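Undergrad: After the C-alpha cells below, expect a handful of questions from me.
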Amino acid sequence: MAAVRPMTRTDGAFPERSVRATIDGRAVTVPEGTTILAACRAEGTEVPTLCFLENLAPVNVCRACVVEVEGSRALVPACSRPLEADMVVSTRSERVDHSRRMVLELLASSVDMSLAGPDLERWLEEYGADPARHGPLAPTGADRQARAGRHGSVAGEARATLDQPVTIDNELYVRDYSRCILCYKCVEACGDQAQHTFAIAVAGRGFDAHIATEFDVALPDSACVYCGNCVAVCPTGALMFKSEYDLRQADDWDASRQTVTDTICPYCGVGCTLELHVQDNRIVKVTSPMDHEVTHGHLCVKGRFGFDFVHVPPPGAEDTRR
Amino acid sequence: MFGAGGGTSSYEEFHHTDLIVLWGSNARESHPIFFHHVLRGMQNGARLYVVDPRRSTSAQHAHLWLGLDVGTDIVLANAVGREIIAAGLVNREFVRRATLDFEAYQASVEPFTLEMAEELTGVPRDAIRQLAHDYARAPRAELSWTLGITEHHNAVDNVFALINLALLTGHVGRYGSGLNPVRGQNNVQGGGDMGALPNKFPGFEDVQNGTVRARYEAAWGRALPATNGWHLSQMFEAMDRGDMRALYIIGENPAQSEADSRRTERLLTGLDHLVVQDMFLTRTAELADVVLPSTASWCEAEGTVTSSERRVQRVRKALEPPPGTKGDLEILSLLAARLGFDWGMPAAEAVWDECRSLSPMHGGMAYHRLEALNGIQWPCPDEAHPGSPFLHGRLWDDPVGGAKAAFHPVRHDPPLDALSDEYPIRLTTGRRLDSYNTGVQSGRFSSPLRRPESLNLSPEDMRLLGVVEGERVAIASRRGRIEAPVHADSTLRPGLAFMTLHFPDQVSTNTLTLDAWDPQSGTAEFKATAIRVERLDSSDSLEASADAVNLKVGV
Amino acid sequence: METSLSAGAADIGTAEERAAVDEILSPPPSPWVGGERSPRALHVARRDGTTLPPRSLLLPALRALESRVGVVSPGAVNYLAVRMDLPPAEIYGVAAFYALLDVGEAAPPVKVHVCDDVACQLSGAGGLIAALRERYADEGEASLDGVQWHRSPCLGQCDRGPAVLVQRAGAHAADIEVVAATREDVVRAIAAPGPSPTPPAVVPQVGDPSLVVLRHVGRVDPTDLDSYRTAGGYESLRRALQLGPEGVVDWVADAGLAGRGGAAFPTGWKWRAVANQADRTHYVVANADESEPGTFKDRVIMEEDPFAVVEALTVAGYAVGAEQGYIYIRAEYPLAAARLRHAIAAARQRGFLGDDVMGRGLRFDIDVRQGAGAYICGEETALFNSLEGRRGEPRNKPPFPTTHGLFGKPTAVNNIETLMNVLAILEFGPARFRAVGTPDAAGTRLFCLSGAVARPGLYEAPFGTRLGALIDMAGGLMPGRTLQGVLLGGAAGSFVGPTALDTPLAPADLKAIGATLGSGVVVVFDDTANLTGTVLRIARFFRDESCGQCVPCRVGTVRQEELVARLAAGRPHGTVADELRLFRDLAQVMRDASICGLGQTAANAVDSALRLGWLGG
C-alpha cells in the first residue's frame, strides 16, 4: 500500500524537521510545514472553516479560521499559515472570537445560508452572529452584470444581499448564487486543483464579485464537462445536483431515509470509488470520498451522473423465454 | 513479456514522475480520473507527451503532441528506440543486467531512421528526436497506453514496441517509472485476473501448466482440459466454420460492439442456441433464444472488481434489484444445479475466499482487508502483505530476481484496410467523455454534452467535399455503407476522420470497421478503416467531391 | 488545457479585434493557436514558452481591445482564448475585474470618467457632473453621439480639479486627461483629432535649492535624455556601479530610507532580502499605481523627471540582481506612461538599458505595464497578479514578495518616490541624506496639497515639518475661511481637526494622534466643505474598490457604506449609539481579519470622522 500523500503537497518530499510552538497555552510539536489548522485539528481544537477543504489548496478568503499569533498585527488564517517555531497561537482570544462572529454575521447578512449545514448553524449560535442588526433585507439583490468599481446609490435603510433567481440551464445541476459565499472552492475544483476545465471563474469585483462562466453564458454554452466536482465541494448548497434540487422542491428530500454505500464505478477501468446516496431505493446523489487516493473526491460525468440505467426496468423480467 | 498482465505502476506514482507518455490514449475523455493524476504530475513538474493521430483533448494538455498517421506506432516507437541507441542514451547497466536480446532489437530498429519515421508517420523528425531524448534522459518516466495501441491487427506487436523502449531506458520496475495499459472497461482487468482468458487460470497462471492445473483439479475434484480455449475472434471464426453451435454471453453486446457488425449478427443468428445474460435487452439479447435478466453487479450485488492499477476493490449492494432479476452468481449457481451440480447458493465472499485460496497473487486479499485498505494491489500473497504498488522491482535487484526481460523486435505492418483511390480517407474511432461503448449504460442519463453521432472531418476535407456542418453524408468502407451527419473538427488533419461507437442505433459505425484481428490477442482493428465520403444531395457533386478528396490525398 | 471556445460567441472576433490582439502578441507560431494549418504543422503541437505568449500579456491585450474597439466582446475573448491558450471564463473574470475595461457585446466609443472624489468634490465636480448630464445623458447611459460618462474615483489631479479622463476608442484612440475641466473642455477633448496636450504639473517650489526628490523638476526637459544628463542624470548609477550591489544596499540602509508608498518599510532591508535569495531570477517593480485618493506625487515625478525613474529602477535592479524591471502604472496616467516609455526607449538606445548597461556588461531592461482601473492593484501582491494577467486580488502574506513576488520570484517592489530618494542617497551620500528629517524618519517627504488652500500642488518638505507650516507653504486658507479639518494620508488615512496643525509630520508624532502620513495626502477642508459628502464618498470608494476576495472587506465595506448613509441622513437603526457600536464591530473585523491593507484601513477615515463628531457621531 503506497502512503497516501495529500493532493495539496507539491514538492513530493516528506517533511523532515519538526516545529515546536504553543497553541492555546499548550506546547505542540508538528512536522515542519504543518498548517496552524492541521495542528489545531490534531490537538482536537475546533477551528471553523468555510473555504477550506482537504483536497484543495487553501485560498484563505473566508477568514472564519483566523487565529491570533503573538507579534502579528493582523489575525492570520489558520488554514494556510504554517506553524512556525516558537509561534504563540490563540484560537479563542477576544479578537479571534470577534472576527469569527463578524465574518459569520456578515455572510449571513448577505447570503442565504439555510443549507450550509449543522456546523455553520452551530457556529452562528456559538459566536453570537446577529445578521438582523444590519437592517431589513433589501427588496432586490445582487446585480451580476454590475460594472467593476461602480454601484448605485445607497440609502442604507435596507441591507444589500446576493438574492437572485436560481439558474437552471441543464438537467444535471442547478446554481443558486443567492447562497454563494464566494469560497472559491468550485472555481478551484473546476480549475487547477482537480478538473482543469476552467469553465467558471470569479468575475466582477467587491460585493458584486461572483462565480461566472464567460459573459455568464449558460453552462451548456461554456466549457463545463459536468463532472460535478464543483457541486461536490460547495459548502452552502449554492451548487446542487438537480436530483437533490427536485426532491427538495417537492419537499421530498429526506436525509433520514437515505443510505450511503461505497462501490466502484461501472464505467472505465480506473476504479473510482462511488458513494451512492440512496433514498427509497433510488440513487439521488453520487459522491466520492475525499480521502481516497484514486479519486480524491473527484469524479467524471459518467461516474457522477451516469447511473440512470439501473432505474430503467430490466428486459422482459417476467417472461425471459421466447 | 512480464508474466502477469497488468499496469506496473500506481496512479499515485504519476504525481511524482518526471515525464509521462500517453500513447494511443485519450485518457482525458476515456479515463478522466486517471488523467487527474497525470495533471497532478504535470503540476509537480512532469512533462506530458501524447502520441495520437488526433490532437485529442489529452493532446491539448501535452507539452508535445506527436500526431502520427494511424497504424504507424511501431515505426515511431522503433525510431525512438533507434535514436536512443544512436544518441548513446541507453541505460546500459540496466540492459546488461536485466534484459535479453538487446542486439537483436538494435538490429531490428536500425532501418528506422528519423527521416524514415517522418516519412511514414508524418511527425516532424525533431519532435521524434525530442521524445526519444527526453524519455531516455528523464530520471523517472511513465509510459501509458490504451486502445489506440491495442485495437489494431498487430496489437501485441504495438505493445512490444513500447515495452522495448522501457527496457532500453530502464523505465520500469521503479517508483515513478512504469508501463501502464489503462483498461477501457470496468473490471476488464478483473476479468483477466479471474481467468476469463482462454489460456489462463485466475492470477494469470497457464492452463497448460500441469502443476497449476493439478492444484485446481484437486480443489474442484475434476479433471480440467489442458488445452487453451478460444478468444472472441476465434469463437467467431469457429461459428463461421460451424464448429461452435451454442453461445452463452454474460454482460456483452457483441452484435453492436464488434467490428464488421453485419457479419457478427449473421454468425450470432446462425447459432443453434444463444443465451444472453444482461441487465438490458440489448441488440445481442434480441437475437438470443434465452435471456437471463441479471442485476447490476456494481450496485445491486456484492463482489470485487480490479482496476487498472491492479487494485482489487469491493463493490457493494446499494439498491434492491428489480423483481424478476437475479445476481450473476445466483444465476450461475442455479444453472449449475440444473446441470446436476449442487453448489448451494454461495455468498460473494465465500466464492472470493475460494478464489484466493487457489490464486496465489490474491492470497492475502480477505474482504476485511480490502475494506480497511480501500482495495489492495496484486500481487498480495498473504494477509501480512501490504499489496504491490508497482511491479518488477526485481529487475533492479543484482542479480535480477527471476527471469530477465527480453526485448521483442517487431516489424512495421500497416493497417490491413489500406487507403486507395476508392477509399481515400482514414477513419479512426474513439470515445467521448460522457459516453461509453455502445451507449447501453451511458445513453440513459440526460447529458448536456451529448451530441448525435457524426462523422468528424477536418475543415479542409469538408471544404473539398463541399459539405457543411450537420449535412448528412454517406460513408462507405469495403464492408458496408452508412449515413451520418458531418461535423467540422479542427483537431483532425486532411485525410483523417473520426467517429465513435456510442450510438449504434443511430449510426452503425461498426458496419464500416474491419474484423481483422490480432492473432496474439484477438482484438480487432477498430482504429483503422479506409472510407469514402459521399454527398447525398446531388450525384454530380458527389463525384466532384470524391475527385477533390482524391486530389487532396494525392491519388 | 483543452482549447475551449465559448458557445456564447459565434466567432473568434472581428478583424479589428483580432488585429488589436495581434498588435500585442507575436504572430501565432502554429495552427493550434490561430496560425496557418499547413499539412506538416498538423502533425505536431508544442505547448511551451516557444508557442504560447506569456499570460502577462493578457492585460495589455485587453487594454488594446478596449482602446481599439471600445469593448472586450465574447468573440474577442474567444480569440484571446485561442491565441493565449487560456480559458474564456478566466479571461472574462480578469477583464470584468477592471473598471476601465468594458465587457459585453458593445459599448459606446467614448467614455468620460469624471472624478468626484474627495479633492475634486471641493473643486466643482458636482457642477461639472450636472453639466455633463445635461449635455449627454444620465450617468452610465450612452448619448446619441456615443458618449457615456461615469463618476470616477480619484484621477490623481487633485490640485487642479475637477479632473476628467476621456477614453476614446477607435481609429483616433486616445486616453485624454482634462484638468480644471469645464463642460466645454470635455466636449473639445472628445472632438479633438489627436490626444490633447496635458498642462504641466503644478510644483510651486520649482528651483528651490533645498529640494531633494523634486530637484530636477522644472530644470530638466522630460523628453530629452541629454538635458537629464546635463543636470547630473546617470551620475547616481555610475556611483552605484562603483559601490557594487552590496555597497548600494548598504548605503540605502545607512541612509535610513523607508518606503514612501504608505507602509514605510525600510528599503535597504527589503533590497538585501531580495539580493540574498538563492533563486537567481529576481525582479524589480516600480509601483506607479498611485491611486490613493488625494495623491498625485508620483504622477508629477513620472511626467517631469521620467529619466530619473528609469535610472533609479536600474539602480534597484543592479542592487538586487534583477535583469528585468517593470513599471506598473495606473491607466489614468497616460502622459506619465508615455513619458516613461519614451525615456526607456531613449535609455535603451543610448546603452543605459539593455544587454550592456553603461558598457559594464550589466544586463537590465524595463517594461511599462498599465493598469485598467483598480485601486487594489497598488497593493503590491495584487499588482503582481495584475501584471501576471490575473485578477488583481492580493495574496496572503507571508510569503512576502522578497521571496515569492512577481512570477513567484524574489521581487523588490518600490514606490516611485522611494526610488527617487535612492538617487539622492547615491548623489549626496547616506549621511547627508539622513541629516534631513527627524531621527526616526530620514529625508524629505512629498506632500500632495489639495482642497481649500491658496496654492494647491506638490510640495517637498523634511519629515517633521508641522502640518500648519505645510499649509502655510501652500498659501494657507483662502481669506476669511476657517479650517474644519484635514484628510491626512488619503482615503486609507484619517481626518484630523484644527488641533493637529501643530503636529510634526513624522511617523511617531502622527501615530500619537491616531493618524498616518500614508502617501503624503493633505486635503484641506474649510468651513464651506460638505464633510458628510466627503465621508460618504470615502465609504463608497472602499465598497467600489474592494476586490471581493475576503469576507470582512467584501461585505464589511458594504455594511459600512450603508451605516454611513444612515447616519448622514440622520436615520439610524436604533440609537446612534447602536450604530456606533455596529461601526466599531465592522471596523475591527476589517482591520483584524482582512487579507490586505485595503480592508485593514477601509474603516480608518470613517472612524476618524466619527471621533471628530462628524455625522452626528
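Starting from 1 in every chain, residues are counted up; chains themselves are A, B, ... following the order of the C-alpha cells, and ligands are numbered from 1 as listed.
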Near chain C, meaning an atom within 7 Å, which residues of chain B appear when counting only C-alpha atoms? Write them as a list in words.

TA: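 Those within range of chain C come out as Thr57, Gln60, His61, Ala62, His63, Leu64, Trp65, Leu66, Gly67, Leu68, Gly122, Val123 and Arg493 of chain B.
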
Undergrad: Within segment 121-253 of chain C, find each residue whose DSSP state, derived from the backbone, is strand (DSSP E), and express the selection as an mmCIF file with C-alpha atoms, in the first residue's frame.

TA:
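New file states-v6.cif:
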```cif
data_model
loop_
_atom_site.group_PDB
_atom_site.id
_atom_site.type_symbol
_atom_site.label_atom_id
_atom_site.label_comp_id
_atom_site.auth_asym_id
_atom_site.auth_seq_id
_atom_site.Cartn_x
_atom_site.Cartn_y
_atom_site.Cartn_z
ATOM 1 C CA VAL C 147 -20.640 59.331 -25.238
ATOM 2 C CA GLN C 148 -21.107 57.722 -21.849
ATOM 3 C CA TRP C 149 -19.985 59.316 -18.612
ATOM 4 C CA HIS C 150 -19.385 57.893 -15.170
ATOM 5 C CA ARG C 151 -18.279 59.212 -11.860
ATOM 6 C CA SER C 152 -14.751 58.105 -11.151
ATOM 7 C CA VAL C 164 -11.718 64.091 -16.230
ATOM 8 C CA LEU C 165 -10.297 61.154 -18.129
ATOM 9 C CA VAL C 166 -11.672 60.658 -21.613
ATOM 10 C CA GLN C 167 -11.299 57.150 -23.047
ATOM 11 C CA ARG C 168 -11.784 57.371 -26.783
ATOM 12 C CA ALA C 174 -6.644 58.182 -27.035
ATOM 13 C CA ASP C 175 -6.804 58.496 -23.293
ATOM 14 C CA ILE C 176 -7.073 62.179 -22.563
ATOM 15 C CA GLU C 177 -6.562 63.901 -19.233
ATOM 16 C CA VAL C 178 -8.586 67.050 -18.761
#
```

Undergrad: Using only C-alpha atoms, which of B:Asp73, B:Glu115, B:Asp434, B:Asp328 sits nearest chain A?

TA: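 Of B:Asp73, B:Glu115, B:Asp434, B:Asp328, the one nearest chain A is B:Asp434, counting only C-alpha atoms.
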
Undergrad: Residues of chain C near chain A: apply a cut-off of 8 Å, count only C-alpha atoms, and supply the list as a PyMOL selection string.

TA: chain C and resi 1-2+4-8+74+87-94+96-99+103-104+374+396+398+543-552+554-556+558-559+561-566+573+585-586+588-589+591-595

Undergrad: Gly364 of chain B: which residues within 12 Å, counting only C-alpha atoms, same-chain residues fewer than 6 positions away excluded, as a ChimeraX atom specification?

TA: /B:312,352-353,355-358,370,375-388

Undergrad: Give the alpha helix (DSSP H) residues of segment 193-263 of chain A, as assigned by DSSP on the backbone, as a list in words.

TA: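 Result set for segment 193-263 of chain A (alpha helix (DSSP H)): Asn229, Cys230, Val231, Ala232, Val233, Lys242, Ser243, Glu244, Tyr245, Asp246, Leu247, Arg248 and Gln249 of chain A.
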
Undergrad: Measure the distance from atom CA of Val38 of chain B to atom CA of Glu12 of chain B in Å and round it to one decimal.

TA: 9.1 Å

Undergrad: Leaving out Cys154 of chain C and any residue of its chain fewer than 4 positions from it, which residues lie within 6 Å of it when counting only C-alpha atoms, given as a PDB file with N, CA and C atoms, in the first residue's frame?

TA:
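Dumped to part19.pdb:
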```pdb
ATOM      1  N   CYS C 115     -13.981  62.670 -12.169  1.00  0.00           N
ATOM      2  CA  CYS C 115     -13.592  62.454 -10.782  1.00  0.00           C
ATOM      3  C   CYS C 115     -14.533  63.217  -9.852  1.00  0.00           C
ATOM      4  N   ASP C 117     -14.115  62.490  -6.487  1.00  0.00           N
ATOM      5  CA  ASP C 117     -13.522  62.028  -5.232  1.00  0.00           C
ATOM      6  C   ASP C 117     -13.256  63.215  -4.301  1.00  0.00           C
ATOM      7  N   PRO C 293      -6.789  58.127  -3.041  1.00  0.00           N
ATOM      8  CA  PRO C 293      -7.441  59.414  -3.268  1.00  0.00           C
ATOM      9  C   PRO C 293      -6.673  60.566  -2.609  1.00  0.00           C
TER      10      PRO C 293
END
```
